[in-house]
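Engineer: Mind looking over this structure? Questions follow.
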Amino acid sequence: MGLSEYERLAAREGLQTLHAANLATVDERTASPEVKRLYDEFRQGFGRPQVPGILQCFATHPPLLEHMLGVAKEMLFVDGALGRQNKELISAFVSASNRCAYCADSHAYSFRMQGGGKDAVEAVLACDLGSDAIAPPQQVLLQFARKVTESSQEITEADMDTMRTVGWSDLQIAEAIHVTALFASFNRVVNAFGLPSQELLHNYEQEEAVHGG
Amino acid sequence: MVGEHIFLGEIKADPKPGPFADAIHAANGTGLEYWGIWNILAFHPMASYHLCELSHELMHKEGPISAALREVIAAYTSSLNQCDFCRNAHAAVATHLYSHRDLVEGVLRDPETSALAEKEKALLRFIRRLTLEPGTITQQHIEALTQAGWGEPAIYDAIYACALFNYYNRFVLGNGVRLVSDRVFDRFGARMARVGYSREQPPPGQMGTAHA
């Protein structure tokens, strides 16, 4: 592939004006010096020209933006015990379950960039956990993420054993809970602001179809 | 769940150095009941540092919605998600901030019949929808808040408080954080009402590193 996830994205995305349907986000041109500094830090850290829409939501409250970037660096954009691909898998699936088109798209795209398959990503976005395209341990991982998302009050010790039986460690389970819970929060912020999908996945798949994978 | 603070034995057995491990060791030294949430916060101290700081900013600092009402949002969100730990903890904080237990309990039974003003009830209707049906928010629901008299800064803060507790509820329930006695909820509620969420100190020697 040659190019990194964010280099590919940078090559494709220009600086765009964001339009959230329900509430105003913080545009860089009118942002305070504090927010401009945090946007710059993001760009330097992640090598992307465009500040993602969700960060332009958080920027309405600059300390929130600062510390959410901290949480993301510590928990999402690192391998940890679970690995980036599994974290993106959970992120895309939970976002699809919560009907958050923006997050589902951007994390489905990141899942592909982390080596996830085209068929797997389609199954995840359709919330089809029985699909053969998803490996058995990942099916169990996503069933667990579904329960944490939709009925976390029913989680018991037995759910931990189900995860352990297919090979997930306690540390991996703890990270899976954390990532799933973070998306319960991110998806609600994004949906309340009304951010539309950036169609990153669609554009990528079209490009792949034209130029070959 | 008696006798265990959380489900994951390896996480409980290995609190990483930082303020939450210190708090656990101090509590173990006295034999007092302590917050099980400390065990899951101690599993990744740098992520927890950022979470506590942003929680403190969103929930405790001055804002267009009073800290008391933000705590009611936290307790109500938690009750909708059936997270009794967060519900009881933040009902206790709200009760200390309002000095009015009946008001808080009334909201948690049913906001519509509670002693809240109509403007506040409108806010909790929105919180209910955002918590239970996160994929259905439209401009019309934001407009209802504006009509009720809330400005954009207040709407942002309500969204963040609700979203934050949708996170905490799953973090707590997913890990099986056990309930504590009413006396302990009250004691920690009084403390949070007074000092907020921040632990201030990042874990030793870890600021500015990519990964702990």
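So you can find residues: chains in the structure tokens are A, B, ... in the order shown, residues in each start at 1, and ligands are numbered from 1 in order.
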Provide as an MDAnalysis selection string the residues of chain A at most 9 Å from chain B, counting only C-alpha atoms.
Structural biologist: chainID A and resid 21:24 57:58 60:61 63:75 78 80 97:100 147:149 151:157 160 169:171 173:174 177:178 180:189 191:194
Engineer: Kindly give the distance, in Å, that separates CA of Tyr197 (chain B) and CA of Glu62 (chain B), rounded to a single decimal.
Structural biologist: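 We find that CA of Tyr197 (chain B) and CA of Glu62 (chain B) lie 13.7 Å from each other.
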Engineer: What is the distance between CA of Ala89 (chain B) and CA of Gly189 (chain B), in Å to one decimal?
Structural biologist: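 Value for the CA of Ala89 (chain B)-CA of Gly189 (chain B) distance: 5.9 Å.
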Engineer: Determine which residues of region 143-212 of chain A receive a DSSP assignment of helix (DSSP H, G or I), computed from the backbone, and state them as a ChimeraX atom specification.
Structural biologist: /A:143-154,157-165,170-193,200-211
Engineer: To one decimal place in Å, what is the distance between CA of His60 (chain B) and CA of Glu105 (chain B)?
Structural biologist: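 Between these atoms lies a distance of 20.8 Å.
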Engineer: Taking only C-alpha atoms into account, which of A:Glu34, A:Asp40, A:Glu88, A:Asp132 comes nearest Pro62 (chain A)?
Structural biologist: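 For Pro62 (chain A), the nearest of the candidates is A:Glu34.
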Engineer: Identify which of the residues B:Arg178, B:His100, B:Arg70, B:Arg187 lies closest to Ile37 (chain B), counting only C-alpha atoms when measuring atom-to-atom distances.
Structural biologist: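 Using only C-alpha atoms, the shortest distance to Ile37 (chain B) belongs to B:Arg178.
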Engineer: Which residue gives the smallest distance to Ala154 (chain B) among B:Ser78, B:Asn39, B:Ser66, B:Ser99, with only C-alpha atoms counted?
Structural biologist: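 Under the stated criterion, the closest residue is B:Ser66.
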Engineer: Can you tell me, as an MDAnalysis selection string, what residues are no more than 10 Å from Ile73 (chain B) when counting only C-alpha atoms, ignoring any on the same chain fewer than 4 positions away?
Structural biologist: chainID B and resid 59 67:69 77:79 87 90:91 94 107:108 120 123:124 127:128 158:159 161:162 165
Engineer: Just the residues within 7 Å of Ala190 (chain B), please, counting only C-alpha atoms, with nothing from its chain fewer than 4 positions along; format it as a VMD selection string.
Structural biologist: chain B and resid 93 96 186 194
Engineer: Go ahead and write the residues just picked, N, CA and C atoms, as a PDB file, in the first residue's frame.
Structural biologist:
```pdb
ATOM      1  N   VAL B  93     -24.713  13.305  44.984  1.00  0.00           N
ATOM      2  CA  VAL B  93     -24.059  14.586  44.697  1.00  0.00           C
ATOM      3  C   VAL B  93     -25.113  15.673  44.505  1.00  0.00           C
ATOM      4  N   HIS B  96     -26.726  16.813  47.694  1.00  0.00           N
ATOM      5  CA  HIS B  96     -25.871  17.730  48.457  1.00  0.00           C
ATOM      6  C   HIS B  96     -25.866  19.128  47.837  1.00  0.00           C
ATOM      7  N   ASP B 186     -23.395   8.455  50.290  1.00  0.00           N
ATOM      8  CA  ASP B 186     -23.614   9.806  50.821  1.00  0.00           C
ATOM      9  C   ASP B 186     -22.279  10.505  51.103  1.00  0.00           C
ATOM     10  N   ARG B 194     -18.434  18.902  46.793  1.00  0.00           N
ATOM     11  CA  ARG B 194     -17.532  19.937  47.286  1.00  0.00           C
ATOM     12  C   ARG B 194     -16.321  20.140  46.369  1.00  0.00           C
TER      13      ARG B 194
END
```
Engineer: Could you name the residues that touch Ala123 (chain A) at 10 Å or less, counting only C-alpha atoms, but leaving out those on the same chain fewer than 4 positions away, as a PyMOL selection string?
Structural biologist: chain A and resi 93+118-119+127-134
Engineer: With N, CA and C atoms retained, could you export that selection as an mmCIF file, in the first residue's frame?
Structural biologist:
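The resulting file, result32.cif, is reproduced below:
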```
data_model
loop_
_atom_site.group_PDB
_atom_site.id
_atom_site.type_symbol
_atom_site.label_atom_id
_atom_site.label_comp_id
_atom_site.auth_asym_id
_atom_site.auth_seq_id
_atom_site.Cartn_x
_atom_site.Cartn_y
_atom_site.Cartn_z
ATOM 1 N N PHE A 93 -18.655 -0.974 14.627
ATOM 2 C CA PHE A 93 -19.862 -1.748 14.932
ATOM 3 C C PHE A 93 -20.770 -1.005 15.928
ATOM 4 N N LYS A 118 -13.002 -6.123 3.179
ATOM 5 C CA LYS A 118 -14.173 -5.446 2.616
ATOM 6 C C LYS A 118 -15.476 -6.140 3.057
ATOM 7 N N ASP A 119 -15.490 -7.479 2.991
ATOM 8 C CA ASP A 119 -16.702 -8.204 3.377
ATOM 9 C C ASP A 119 -16.974 -8.052 4.873
ATOM 10 N N CYS A 127 -24.522 -4.711 10.933
ATOM 11 C CA CYS A 127 -24.706 -5.347 12.251
ATOM 12 C C CYS A 127 -25.037 -6.833 12.107
ATOM 13 N N ASP A 128 -24.426 -7.471 11.097
ATOM 14 C CA ASP A 128 -24.653 -8.894 10.844
ATOM 15 C C ASP A 128 -23.512 -9.695 11.460
ATOM 16 N N LEU A 129 -23.696 -10.078 12.712
ATOM 17 C CA LEU A 129 -22.596 -10.725 13.425
ATOM 18 C C LEU A 129 -22.473 -12.209 13.111
ATOM 19 N N GLY A 130 -23.449 -12.772 12.389
ATOM 20 C CA GLY A 130 -23.347 -14.184 12.008
ATOM 21 C C GLY A 130 -22.560 -14.374 10.722
ATOM 22 N N SER A 131 -22.147 -13.301 10.078
ATOM 23 C CA SER A 131 -21.474 -13.389 8.783
ATOM 24 C C SER A 131 -20.155 -14.162 8.867
ATOM 25 N N ASP A 132 -19.905 -14.995 7.860
ATOM 26 C CA ASP A 132 -18.643 -15.740 7.776
ATOM 27 C C ASP A 132 -17.443 -14.819 7.616
ATOM 28 N N ALA A 133 -17.701 -13.583 7.177
ATOM 29 C CA ALA A 133 -16.590 -12.654 6.942
ATOM 30 C C ALA A 133 -15.939 -12.198 8.254
ATOM 31 N N ILE A 134 -16.643 -12.408 9.360
ATOM 32 C CA ILE A 134 -16.093 -12.035 10.668
ATOM 33 C C ILE A 134 -15.611 -13.307 11.366
#
```
Engineer: From the options B:Pro15, B:Gly36, B:Pro64, B:Gly106, which residue's atoms come nearest to Phe85 (chain B), counting only C-alpha atoms?
Structural biologist: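 Among the listed residues, the smallest separation from Phe85 (chain B) belongs to B:Gly36.
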